[in-house]
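Raw upload.pdb, PDB, C-alpha atoms:
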ATOM      1  CA  MET L 143       4.831  52.578   8.196
ATOM      2  CA  ASN L 144       6.723  50.614  10.854
ATOM      3  CA  ILE L 145       3.445  49.196  12.158
ATOM      4  CA  ALA L 146       2.479  48.119   8.622
ATOM      5  CA  LEU L 147       5.940  46.654   8.021
ATOM      6  CA  ASN L 148       5.875  44.751  11.293
ATOM      7  CA  SER L 149       2.407  43.441  10.495
ATOM      8  CA  THR L 150       3.610  42.224   7.095
ATOM      9  CA  ILE L 151       6.632  40.480   8.619
ATOM     10  CA  SER L 152       4.439  38.911  11.308
ATOM     11  CA  PHE L 153       1.965  37.726   8.655
ATOM     12  CA  ASN L 154       4.735  36.225   6.530
ATOM     13  CA  ARG L 155       6.184  34.392   9.513
ATOM     14  CA  THR L 156       2.753  33.043  10.432
ATOM     15  CA  MET L 157       2.135  31.936   6.847
ATOM     16  CA  LYS L 158       5.542  30.227   6.707
ATOM     17  CA  LYS L 159       4.828  28.383   9.952
ATOM     18  CA  THR L 160       1.407  27.371   8.626
ATOM     19  CA  LEU L 161       2.895  26.032   5.395
ATOM     20  CA  ILE L 162       5.538  24.084   7.327
ATOM     21  CA  PHE L 163       2.830  22.648   9.584
ATOM     22  CA  LEU L 164       0.672  21.653   6.615
ATOM     23  CA  THR L 165       3.644  20.035   4.875
ATOM     24  CA  LEU L 166       4.516  18.040   7.973
ATOM     25  CA  MET L 167       0.881  17.070   8.491
ATOM     26  CA  LEU L 168       0.484  15.882   4.873
ATOM     27  CA  SER L 169       3.755  13.999   5.115
ATOM     28  CA  SER L 170       2.542  12.197   8.212
ATOM     29  CA  LEU L 171      -0.744  11.364   6.517
ATOM     30  CA  ASN L 172       1.150   9.875   3.568
ATOM     31  CA  ALA L 173       3.606   7.997   5.769
ATOM     32  CA  GLY L 174       3.280   4.297   5.126
ATOM     33  CA  THR L 175       1.671   4.844   1.703
ATOM     34  CA  ILE L 176       3.456   3.946  -1.512
ATOM     35  CA  THR L 177       2.234   4.886  -4.985
ATOM     36  CA  ILE L 178       2.985   2.409  -7.740
ATOM     37  CA  ALA L 179       2.358   2.318 -11.490
ATOM     38  CA  VAL L 180       0.797  -0.933 -12.713
ATOM     39  CA  ALA L 181       0.084  -2.179 -16.236
ATOM     40  CA  ALA L 182      -3.627  -2.562 -16.931
ATOM     41  CA  ASN L 183      -3.481  -6.336 -17.423
ATOM     42  CA  VAL L 184      -2.496  -6.726 -13.765
ATOM     43  CA  SER L 185      -5.629  -4.838 -12.665
ATOM     44  CA  TYR L 186      -7.501  -8.134 -12.342
ATOM     45  CA  ALA L 187      -4.954  -9.587  -9.902
ATOM     46  CA  ILE L 188      -3.835  -6.456  -8.073
ATOM     47  CA  ASP L 189      -6.564  -6.472  -5.419
ATOM     48  CA  ASP L 190      -5.655 -10.013  -4.353
ATOM     49  CA  LEU L 191      -1.982  -9.064  -4.388
ATOM     50  CA  LYS L 192      -2.637  -6.007  -2.228
ATOM     51  CA  LYS L 193      -4.701  -8.042   0.260
ATOM     52  CA  GLU L 194      -1.962 -10.638   0.655
ATOM     53  CA  PHE L 195       0.696  -7.943   0.974
ATOM     54  CA  HIS L 196      -1.367  -6.144   3.620
ATOM     55  CA  LYS L 197      -1.553  -9.346   5.658
ATOM     56  CA  GLN L 198       2.224  -9.434   5.733
ATOM     57  CA  HIS L 199       2.715  -5.661   6.070
ATOM     58  CA  PRO L 200      -0.427  -4.136   7.652
ATOM     59  CA  GLU L 201       1.389  -0.855   8.264
ATOM     60  CA  ILE L 202       1.944  -0.183   4.533
ATOM     61  CA  LYS L 203      -0.782   1.110   2.229
ATOM     62  CA  VAL L 204      -0.455   0.675  -1.534
ATOM     63  CA  LYS L 205      -1.956   3.211  -3.940
ATOM     64  CA  VAL L 206      -2.177   1.851  -7.493
ATOM     65  CA  ILE L 207      -2.185   3.889 -10.700
ATOM     66  CA  LEU L 208      -3.313   1.742 -13.644
ATOM     67  CA  GLY L 209      -2.680   2.354 -17.332
ATOM     68  CA  SER L 210      -1.022   1.099 -20.462
ATOM     69  CA  SER L 211       2.696   0.469 -19.999
ATOM     70  CA  GLY L 212       3.574   3.032 -22.659
ATOM     71  CA  LYS L 213       1.548   5.830 -21.103
ATOM     72  CA  LEU L 214       2.769   5.061 -17.593
ATOM     73  CA  THR L 215       6.350   5.125 -18.859
ATOM     74  CA  ALA L 216       5.762   8.537 -20.457
ATOM     75  CA  GLN L 217       4.363   9.827 -17.158
ATOM     76  CA  ILE L 218       7.379   8.501 -15.260
ATOM     77  CA  LYS L 219       9.773  10.200 -17.692
ATOM     78  CA  HIS L 220       7.901  13.473 -17.119
ATOM     79  CA  GLY L 221       8.282  13.277 -13.348
ATOM     80  CA  ALA L 222       5.209  11.390 -12.112
ATOM     81  CA  PRO L 223       5.937  10.528  -8.444
ATOM     82  CA  TYR L 224       5.582   6.757  -8.777
ATOM     83  CA  LEU L 225       7.886   4.647  -6.652
ATOM     84  CA  LEU L 226       7.661   1.306  -8.445
ATOM     85  CA  PHE L 227       6.568   0.160 -11.897
ATOM     86  CA  MET L 228       5.016  -3.170 -12.903
ATOM     87  CA  SER L 229       5.106  -3.218 -16.701
ATOM     88  CA  ALA L 230       3.342  -5.537 -19.141
ATOM     89  CA  ASN L 231       6.646  -6.285 -20.846
ATOM     90  CA  MET L 232      10.388  -5.766 -20.380
ATOM     91  CA  ARG L 233      10.855  -3.084 -23.008
ATOM     92  CA  TYR L 234       9.607  -0.131 -20.978
ATOM     93  CA  PRO L 235      11.360  -0.854 -17.652
ATOM     94  CA  GLN L 236      14.568  -1.545 -19.575
ATOM     95  CA  ALA L 237      14.314   1.907 -21.162
ATOM     96  CA  LEU L 238      13.688   3.498 -17.761
ATOM     97  CA  TYR L 239      16.685   1.716 -16.257
ATOM     98  CA  LYS L 240      18.899   2.741 -19.163
ATOM     99  CA  ASN L 241      17.902   6.392 -18.629
ATOM    100  CA  SER L 242      18.403   6.156 -14.828
ATOM    101  CA  ASP L 243      14.667   6.630 -14.159
ATOM    102  CA  ALA L 244      14.734   3.205 -12.519
ATOM    103  CA  ILE L 245      17.358   2.097  -9.997
ATOM    104  CA  THR L 246      16.967  -1.689 -10.268
ATOM    105  CA  LYS L 247      17.494  -3.858 -13.315
ATOM    106  CA  PRO L 248      14.185  -5.115 -14.756
ATOM    107  CA  VAL L 249      13.206  -8.527 -13.410
ATOM    108  CA  VAL L 250      10.432 -10.777 -14.773
ATOM    109  CA  TYR L 251       7.656 -11.158 -12.197
ATOM    110  CA  ALA L 252       5.157 -13.000 -14.412
ATOM    111  CA  GLN L 253       4.608 -14.164 -17.972
ATOM    112  CA  GLY L 254       1.318 -13.257 -19.607
ATOM    113  CA  ALA L 255      -0.650 -14.886 -22.408
ATOM    114  CA  LEU L 256      -3.217 -13.893 -25.029
ATOM    115  CA  ALA L 257      -6.708 -15.299 -25.368
ATOM    116  CA  TYR L 258      -9.591 -14.984 -27.797
ATOM    117  CA  LEU L 259     -12.842 -13.812 -26.212
ATOM    118  CA  SER L 260     -16.311 -13.437 -27.699
ATOM    119  CA  VAL L 261     -19.779 -13.038 -26.241
ATOM    120  CA  LYS L 262     -21.090 -14.725 -29.385
ATOM    121  CA  LYS L 263     -21.167 -18.417 -30.215
ATOM    122  CA  LEU L 264     -18.226 -18.847 -32.548
ATOM    123  CA  ASP L 265     -16.072 -21.802 -33.541
ATOM    124  CA  LEU L 266     -12.993 -20.796 -31.556
ATOM    125  CA  SER L 267     -11.227 -24.009 -32.577
ATOM    126  CA  GLN L 268     -10.474 -22.267 -35.900
ATOM    127  CA  GLY L 269      -7.970 -20.050 -34.113
ATOM    128  CA  MET L 270      -6.640 -17.139 -36.129
ATOM    129  CA  GLN L 271      -8.487 -18.176 -39.258
ATOM    130  CA  LEU L 272     -11.739 -17.376 -37.474
ATOM    131  CA  LEU L 273     -10.825 -13.673 -37.620
ATOM    132  CA  THR L 274     -11.096 -13.756 -41.418
ATOM    133  CA  SER L 275     -14.686 -14.997 -41.284
ATOM    134  CA  LYS L 276     -17.490 -12.818 -42.646
ATOM    135  CA  LYS L 277     -19.172 -13.330 -39.265
ATOM    136  CA  ILE L 278     -16.438 -11.155 -37.754
ATOM    137  CA  SER L 279     -16.710  -7.471 -38.659
ATOM    138  CA  ARG L 280     -15.026  -5.893 -35.610
ATOM    139  CA  ILE L 281     -12.008  -7.171 -33.679
ATOM    140  CA  ALA L 282     -10.809  -5.583 -30.439
ATOM    141  CA  ILE L 283      -7.076  -5.442 -29.789
ATOM    142  CA  ALA L 284      -4.954  -3.258 -27.535
ATOM    143  CA  ASN L 285      -3.107  -0.394 -29.196
ATOM    144  CA  PRO L 286       0.305  -1.828 -30.146
ATOM    145  CA  LYS L 287       1.838   1.659 -29.823
ATOM    146  CA  THR L 288       1.254   1.800 -26.073
ATOM    147  CA  ALA L 289       0.189  -1.657 -24.856
ATOM    148  CA  PRO L 290       2.478  -4.721 -24.892
ATOM    149  CA  TYR L 291      -0.500  -7.044 -25.270
ATOM    150  CA  GLY L 292      -1.354  -5.099 -28.408
ATOM    151  CA  ILE L 293       2.158  -5.723 -29.689
ATOM    152  CA  ALA L 294       1.739  -9.445 -29.021
ATOM    153  CA  ALA L 295      -1.693  -9.523 -30.669
ATOM    154  CA  MET L 296      -0.392  -7.790 -33.788
ATOM    155  CA  GLN L 297       2.577 -10.149 -33.893
ATOM    156  CA  ALA L 298       0.258 -13.168 -33.732
ATOM    157  CA  ILE L 299      -1.961 -11.780 -36.485
ATOM    158  CA  LYS L 300       0.970 -11.065 -38.792
ATOM    159  CA  ASN L 301       2.588 -14.437 -38.123
ATOM    160  CA  ALA L 302      -0.708 -16.072 -39.072
ATOM    161  CA  ASN L 303      -0.510 -14.196 -42.404
ATOM    162  CA  ILE L 304      -3.979 -12.656 -42.060
ATOM    163  CA  TYR L 305      -3.123  -9.002 -41.319
ATOM    164  CA  GLU L 306      -4.033  -7.646 -44.767
ATOM    165  CA  ASP L 307      -7.325  -9.541 -44.702
ATOM    166  CA  ILE L 308      -8.517  -8.178 -41.362
ATOM    167  CA  LYS L 309      -6.735  -4.852 -40.709
ATOM    168  CA  LYS L 310      -9.911  -2.843 -41.418
ATOM    169  CA  LYS L 311     -11.733  -4.729 -38.661
ATOM    170  CA  PHE L 312      -9.561  -3.518 -35.780
ATOM    171  CA  ILE L 313     -10.985  -1.528 -32.878
ATOM    172  CA  TYR L 314      -8.113  -0.359 -30.680
ATOM    173  CA  GLY L 315      -8.221  -0.093 -26.916
ATOM    174  CA  GLU L 316      -5.709   2.224 -25.238
ATOM    175  CA  SER L 317      -5.053  -0.438 -22.600
ATOM    176  CA  ILE L 318      -5.868  -4.103 -22.240
ATOM    177  CA  SER L 319      -8.693  -3.326 -19.787
ATOM    178  CA  GLN L 320     -10.321  -1.007 -22.336
ATOM    179  CA  THR L 321      -9.837  -3.725 -24.959
ATOM    180  CA  VAL L 322     -11.719  -6.176 -22.735
ATOM    181  CA  SER L 323     -14.520  -3.625 -22.411
ATOM    182  CA  TYR L 324     -14.712  -3.220 -26.196
ATOM    183  CA  THR L 325     -14.683  -6.998 -26.619
ATOM    184  CA  VAL L 326     -17.782  -7.541 -24.481
ATOM    185  CA  THR L 327     -19.719  -4.470 -25.622
ATOM    186  CA  ALA L 328     -18.764  -3.327 -29.110
ATOM    187  CA  THR L 329     -17.014  -6.019 -31.149
ATOM    188  CA  ASP L 330     -17.478  -9.591 -32.324
ATOM    189  CA  ILE L 331     -14.262 -10.902 -30.790
ATOM    190  CA  GLY L 332     -11.174  -9.614 -29.020
ATOM    191  CA  LEU L 333      -7.584 -10.613 -28.403
ATOM    192  CA  ILE L 334      -7.152  -9.931 -24.706
ATOM    193  CA  ALA L 335      -4.929 -10.728 -21.730
ATOM    194  CA  LYS L 336      -5.765 -14.193 -20.471
ATOM    195  CA  SER L 337      -5.469 -12.874 -16.906
ATOM    196  CA  SER L 338      -8.638 -10.808 -17.347
ATOM    197  CA  LEU L 339     -10.687 -13.994 -17.704
ATOM    198  CA  PHE L 340      -9.960 -15.005 -14.113
ATOM    199  CA  SER L 341     -11.655 -11.941 -12.661
ATOM    200  CA  PRO L 342     -14.930 -12.750 -10.820
ATOM    201  CA  LYS L 343     -16.704 -10.321 -13.162
ATOM    202  CA  MET L 344     -15.684 -12.485 -16.119
ATOM    203  CA  SER L 345     -16.762 -15.820 -14.640
ATOM    204  CA  ARG L 346     -19.753 -16.061 -16.991
ATOM    205  CA  PHE L 347     -17.393 -16.621 -19.907
ATOM    206  CA  LYS L 348     -16.445 -20.277 -20.302
ATOM    207  CA  LYS L 349     -13.335 -21.766 -21.842
ATOM    208  CA  GLY L 350     -14.045 -23.468 -25.166
ATOM    209  CA  ILE L 351     -17.350 -21.620 -25.498
ATOM    210  CA  ASN L 352     -16.481 -17.942 -25.075
ATOM    211  CA  TRP L 353     -12.710 -17.987 -24.861
ATOM    212  CA  MET L 354      -9.642 -19.937 -25.877
ATOM    213  CA  ASP L 355      -5.877 -19.474 -25.717
ATOM    214  CA  VAL L 356      -4.240 -17.815 -28.709
ATOM    215  CA  GLU L 357      -1.704 -20.157 -30.297
ATOM    216  CA  ALA L 358       1.461 -19.597 -28.233
ATOM    217  CA  GLU L 359       3.784 -20.200 -31.181
ATOM    218  CA  LEU L 360       2.427 -17.111 -32.954
ATOM    219  CA  TYR L 361       3.832 -14.507 -30.560
ATOM    220  CA  THR L 362       6.817 -13.919 -28.328
ATOM    221  CA  PRO L 363       6.163 -14.803 -24.670
ATOM    222  CA  ILE L 364       5.023 -11.742 -22.733
ATOM    223  CA  ASN L 365       7.641 -11.321 -20.013
ATOM    224  CA  GLN L 366       6.353  -8.715 -17.577
ATOM    225  CA  GLY L 367       8.977  -6.644 -15.769
ATOM    226  CA  ILE L 368       9.208  -4.838 -12.445
ATOM    227  CA  VAL L 369      11.570  -2.037 -11.379
ATOM    228  CA  ILE L 370      11.981   0.288  -8.439
ATOM    229  CA  LEU L 371      11.980   3.858  -9.707
ATOM    230  CA  LYS L 372      14.372   6.591  -8.631
ATOM    231  CA  GLU L 373      11.656   8.157  -6.472
ATOM    232  CA  GLY L 374      11.580   4.909  -4.479
ATOM    233  CA  LYS L 375      15.312   4.774  -3.777
ATOM    234  CA  ASN L 376      16.159   3.796  -0.182
ATOM    235  CA  ASN L 377      12.453   3.409   0.625
ATOM    236  CA  THR L 378      12.077   0.307   2.785
ATOM    237  CA  GLU L 379       8.322   0.119   2.153
ATOM    238  CA  VAL L 380       8.852   0.073  -1.619
ATOM    239  CA  GLN L 381      11.521  -2.598  -1.184
ATOM    240  CA  ALA L 382       9.062  -4.664   0.868
ATOM    241  CA  PHE L 383       6.465  -4.556  -1.913
ATOM    242  CA  TYR L 384       9.089  -5.317  -4.565
ATOM    243  CA  ASP L 385      10.257  -8.369  -2.604
ATOM    244  CA  PHE L 386       6.662  -9.478  -2.115
ATOM    245  CA  ILE L 387       5.871  -9.404  -5.849
ATOM    246  CA  LEU L 388       8.777 -11.801  -6.420
ATOM    247  CA  SER L 389       7.780 -14.058  -3.505
ATOM    248  CA  LYS L 390       6.103 -17.485  -3.546
ATOM    249  CA  SER L 391       2.838 -16.083  -2.160
ATOM    250  CA  ALA L 392       2.582 -13.537  -4.983
ATOM    251  CA  LYS L 393       3.511 -16.145  -7.599
ATOM    252  CA  LYS L 394       0.594 -18.301  -6.431
ATOM    253  CA  ILE L 395      -1.790 -15.391  -6.985
ATOM    254  CA  PHE L 396      -0.362 -14.724 -10.446
ATOM    255  CA  LYS L 397      -0.856 -18.389 -11.352
ATOM    256  CA  ASP L 398      -4.464 -18.184 -10.122
ATOM    257  CA  PHE L 399      -4.963 -15.425 -12.701
ATOM    258  CA  GLY L 400      -3.607 -17.386 -15.653
ATOM    259  CA  TYR L 401      -0.004 -16.221 -15.620
ATOM    260  CA  THR L 402       3.073 -18.383 -15.521
ATOM    261  CA  THR L 403       5.906 -17.322 -13.205
ATOM    262  CA  PRO L 404       9.692 -17.656 -13.257
TER     263      PRO L 404
END
Render the structure in this file as structure tokens.
Amino acid sequence: MNIALNSTISFNRTMKKTLIFLTLMLSSLNAGTITIAVAANVSYAIDDLKKEFHKQHPEIKVKVILGSSGKLTAQIKHGAPYLLFMSANMRYPQALYKNSDAITKPVVYAQGALAYLSVKKLDLSQGMQLLTSKKISRIAIANPKTAPYGIAAMQAIKNANIYEDIKKKFIYGESISQTVSYTVTATDIGLIAKSSLFSPKMSRFKKGINWMDVEAELYTPINQGIVILKEGKNNTEVQAFYDFILSKSAKKIFKDFGYTTP
């Protein structure tokens, strides 16, 4: 009995030491890596942003989780271990700050815009009235329940007084990146983030032929907000990335992707 008991104690001690070793090993592997939540519209610019950041901070690796701002916010509220959040509007980071899920007040890092996009030859100069045409049977927009660019698109449509005429044509994407996919594969036209058009993969689409800016007066400017989350408190690597996003070098990249910056 004593032999069995001693064996059990010895095994437990060994297991405990092994678990401690594995925890320390995994911690060292993750050292210098920060995980951030990023709104889908920024997916087109994030690689360039990461490259520039890495030039300035080669010791820090950035892991990006992309999604709609609404879904990312829900994940954060349920304990997702993200350290920083780049939202597609100010509403979600403001809510996180109010509930103490974020430790910094939301700051605008870029201002986004909407654009029409179609793979077909359409008279884009008609603007919103084009969406009422019989030539248009399916319109891609982001889900306004979870995606700020969907909110802006719906606002533009309603302000143009055409919602009732076209509401049956909508095909909703859960994020702006999915909306872009629907636009080029499954619908006649889409209301998308202008930033997506500056991706190398989208270079075949030409302004005035395939895409055009949505009338700015029809929707509220899309102020995109950044916050450090409570999981990133006192993390110097997170602070470095936060400062970078608000820097001149990052602003240049945002401008290259069709954003305006404060």
Review point. Can you list what the PyMOL selection byres ((chain L and resi 171-186) around 8) grabs from this structure, as a PyMOL selection string?
Key: chain L and resi 167-170+187-189+201-211+214+223-230+317-319+335+337-338+340-341+379-380+399
Exercise for review: Pull out every residue that the PyMOL selection byres ((chain L and resi 295) around 10) matches in the shown coordinates and put them as a list in words.
Suggested key: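 Evaluating the PyMOL selection byres ((chain L and resi 295) around 10) on this file yields Ala255, Leu256, Ala257, Ala282, Ile283, Ala284, Asn285, Pro286, Ala289, Pro290, Tyr291, Gly292, Ile293, Ala294, Met296, Gln297, Ala298, Ile299, Lys300, Asn301, Gly332, Leu333, Ile334, Ala335, Val356, Leu360, Tyr361 and Thr362 of chain L.
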Exercise for review: Kindly give the distance, in Å, that separates atom CA of L:Tyr234 and atom CA of L:Arg280, rounded to a single decimal.
Suggested key: 29.2 Å
Review point. Looking at L:Lys192, L:Gln253, L:Leu264, L:Lys219, which one is nearest to L:Lys240, with distances taken over only C-alpha atoms?
Key: L:Lys219
Practice item. Name every residue that the PyMOL selection byres ((chain L and resi 385) around 12) selects in this structure, writing the answer as a PyMOL selection string with chains first and numbers rising. Key: chain L and resi 195+198-199+226+249+251+368-370+378-384+386-393
Point to revise | Counting all atoms listed in the file, the residue of L:Tyr401, L:Tyr324, L:Phe347, L:Tyr258 that sits nearest L:Asn365 | key: L:Tyr401
Practice item. Just the residues within 9 Å of stretch 268-275 of chain L, please, counting all atoms listed in the file, with nothing from its chain fewer than 3 positions along; format it as a list in words. Key: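 Using all atoms listed in the file, the neighbours found are Tyr258, Leu264, Asp265, Ile278, Ser279, Ile281, Ala298, Ile299, Ala302, Ile304, Asp307, Ile308, Ile331, Met354, Asp355, Val356 and Glu357 of chain L.
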Point to revise | Atomic separation - atom CA of L:Thr288 relative to atom CA of L:Gln217, Å | key: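 For atom CA of L:Gln217 relative to atom CA of L:Thr288, the distance reads 12.4 Å.
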Practice item. State, in Å with one decimal place, the distance from atom CA of L:Leu259 to atom CA of L:Gln366. Key: 21.7 Å
